[in-house]
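Data block below; observations after.
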Amino acid sequence: MATKYYALLTNVGTAKLANATALGEQVEITQMAVGDGNGALPTPNPAQTALVHELRRAPLNTLTIDPVNANQIIAEQVIPEDVGGWWIREIGLYDSAGDLIAIANCAETYKPLLQEGSGRVQVIRVILIVSSTQAVTLKIDPSVVLATRQYVDDQIIQVKAYVDQQMAAHVAAIDPHQQYLKTADIVQYIPAGIPLPYPAAMPPAGWLKCNGATFDKVLYPVLAAVFPSGALPDLRGEFIRGWDDGRNVDGVTNRQLLSREPATLTTTSIGPDALQQVSVEGAVPNKATIPDVCEGIGGDPIFDADYGATMKGFVAVSAENAWPGNGRVTDNPDSARPINVNQYYTSVGTRPRNIAFNYIVRAV
């Protein structure tokens, strides 16, 4: 039996594909048209430049290479249920220039309208044999076409395969999250021994408090390279200052790294008894303690051993101005004693406004 239904390239289509193959270019097939052949089944003619009686032209839904035959192109178009009212007997494929590239006929089928009491979504498929599928652009605009179930299934399979491949590669990768901070980054950017302020009393694992304690140099060799004495600096209640390193702006000459420097001594007219212009009242009148005064004026306690032996206090006692026996001024016999030993001291260590943090160092 002779073939009754078939598809073929038009003369224009043959010439365009041959030219595209020779020049390494591509023909972009973009649209499909259907017609009724003016009431009769037409015979495809390669000389045709149009359908016998075109009824509808719309963008393709899919244009793919046949997975079974690499020389076959499969073109599909979905006609929605609200389009119809005519017979389909002929099919044409058009390129982006509007030229008829391929022509086909098909077994006549009626495409009803919903208003007629029946409707359906119809898929028109054309399989076209070409000499080289590389000369055809497989390009579809998904925003203007409907998807067939097969198309959706194929896309799901492709997406699933892609996701499976990506997940497998992700799981197999040595470092799948390169954007995240790594332990090696901490080692590189925060070397062992750098004191960092920490808001909790206990340091995290692998860190030690800067409290003057000794540590196991065998257990923490990296930390031992920074603190060869095996003891951490005691930074409790201390501020960190940049090492002078020969600049000579530090009050201590030739100061060494990790050395301690006492507070700047500041004298005031504020003290523990009524001899000062402003007094701090302690638990015992005129007998405020060192902590009382420091808390009262916002200073830190000072220690005699931190200052030179020649630092002494001189306090004139005019006792008669405050209690019986006043009226004469004498040298306080305690004035030759170190500061902060007697009740007449008027010196404290200064400090800036601050927030208390716990200094810790990375030990591993």
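Every chain in the structure tokens has a letter given in the order shown (A, B, ...), and although residue numbers restart at 1 in each chain, ligands are simply numbered from 1 in the order shown.
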From a backbone DSSP assignment, name each residue in stretch 23-258 of chain A labelled helix (DSSP H, G or I), as a ChimeraX atom specification. /A:23,37-39,114-116,133-135,142-144,149-172,183-189,221-226
**OP:** Give me the residues within 9 Å of A:Val52 as a ChimeraX atom specification, counting only C-alpha atoms and dropping any in the same chain fewer than 5 places off.
**Re:** /A:35-38,42,90
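If you measure from each of A:Val34, A:Asp82, A:Pro233, A:Leu63 to A:Ile124 using only C-alpha atoms, the closest one turns out to be A:Val34.
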Within 12 Å of stretch 225-227 of chain A, counting only C-alpha atoms, which residues qualify if same-chain residues fewer than 5 places away don't, as a compact mmCIF listing (two decimals) with N, CA and C atoms, in the first residue's frame?
```txt
# COMPACT_ATOMS: atom_id res chain seq x y z
N PRO A 191 45.95 33.52 65.22
CA PRO A 191 47.01 32.65 65.72
C PRO A 191 46.90 32.44 67.23
N ALA A 192 47.47 31.35 67.71
CA ALA A 192 47.49 31.06 69.14
C ALA A 192 48.23 32.16 69.87
N GLY A 193 47.68 32.55 71.02
CA GLY A 193 48.34 33.55 71.85
C GLY A 193 47.77 34.95 71.73
N ILE A 194 46.91 35.21 70.74
CA ILE A 194 46.33 36.55 70.61
C ILE A 194 45.17 36.67 71.60
N PRO A 195 45.23 37.62 72.54
CA PRO A 195 44.13 37.76 73.49
C PRO A 195 42.90 38.37 72.83
N CYS A 210 43.28 34.37 80.20
CA CYS A 210 44.52 35.10 80.51
C CYS A 210 44.45 35.54 81.97
N GLY A 212 47.05 34.60 84.26
CA GLY A 212 48.36 34.42 84.87
C GLY A 212 48.71 32.99 85.20
N ALA A 213 47.82 32.05 84.87
CA ALA A 213 48.07 30.65 85.22
C ALA A 213 49.10 30.03 84.27
N THR A 214 49.73 28.97 84.74
CA THR A 214 50.65 28.21 83.89
C THR A 214 49.87 27.20 83.07
N PHE A 215 50.47 26.74 81.97
CA PHE A 215 49.82 25.75 81.12
C PHE A 215 50.84 24.68 80.74
N ASP A 216 50.34 23.57 80.26
CA ASP A 216 51.18 22.44 79.88
C ASP A 216 51.80 22.71 78.51
N LYS A 217 53.10 22.95 78.49
CA LYS A 217 53.75 23.28 77.22
C LYS A 217 53.81 22.09 76.27
N VAL A 218 53.75 20.90 76.80
CA VAL A 218 53.73 19.70 75.95
C VAL A 218 52.36 19.56 75.29
N LEU A 219 51.32 19.85 76.06
CA LEU A 219 49.96 19.74 75.54
C LEU A 219 49.64 20.87 74.57
N TYR A 220 50.23 22.05 74.80
CA TYR A 220 49.96 23.21 73.95
C TYR A 220 51.28 23.75 73.38
N LEU A 232 50.58 32.28 81.17
CA LEU A 232 49.83 33.29 80.42
C LEU A 232 49.89 34.62 81.16
N PRO A 233 49.82 35.73 80.46
CA PRO A 233 49.76 37.03 81.14
C PRO A 233 48.45 37.14 81.92
N LEU A 257 58.25 43.48 76.21
CA LEU A 257 56.96 42.86 75.90
C LEU A 257 56.44 42.07 77.10
N LEU A 258 55.14 42.11 77.30
CA LEU A 258 54.43 41.40 78.37
C LEU A 258 54.76 41.95 79.75
N VAL A 361 42.80 33.29 75.12
CA VAL A 361 43.70 33.04 73.99
C VAL A 361 43.42 31.64 73.44
N ARG A 362 43.63 31.50 72.13
CA ARG A 362 43.50 30.18 71.51
C ARG A 362 44.75 29.38 71.86
N ALA A 363 44.53 28.16 72.36
CA ALA A 363 45.64 27.36 72.84
C ALA A 363 46.06 26.27 71.86
N VAL A 364 45.19 25.91 70.91
CA VAL A 364 45.51 24.81 69.99
C VAL A 364 45.43 25.29 68.55
```
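You will find atom CA of A:Asn211 at 23.4 Å from atom CA of A:Val252.
We find atom CA of A:Pro67 and atom CA of A:Gln158 to be spaced 14.1 Å apart.
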Spatial neighbours of A:Val348, 6 Å, only C-alpha atoms, chain gap at least 6 places, as a list in words
Leu265, Thr266, Gly299, Asp300, Pro301 and Ile302 of chain A
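Picture a line from atom CA of A:Thr43 to atom CA of A:Leu8; it runs 10.6 Å.
You can rank A:Gln155, A:Asn69, A:Gln165, A:Gln256 by their closest distance to A:Leu128 using only C-alpha atoms, and at the top of that list sits A:Asn69.
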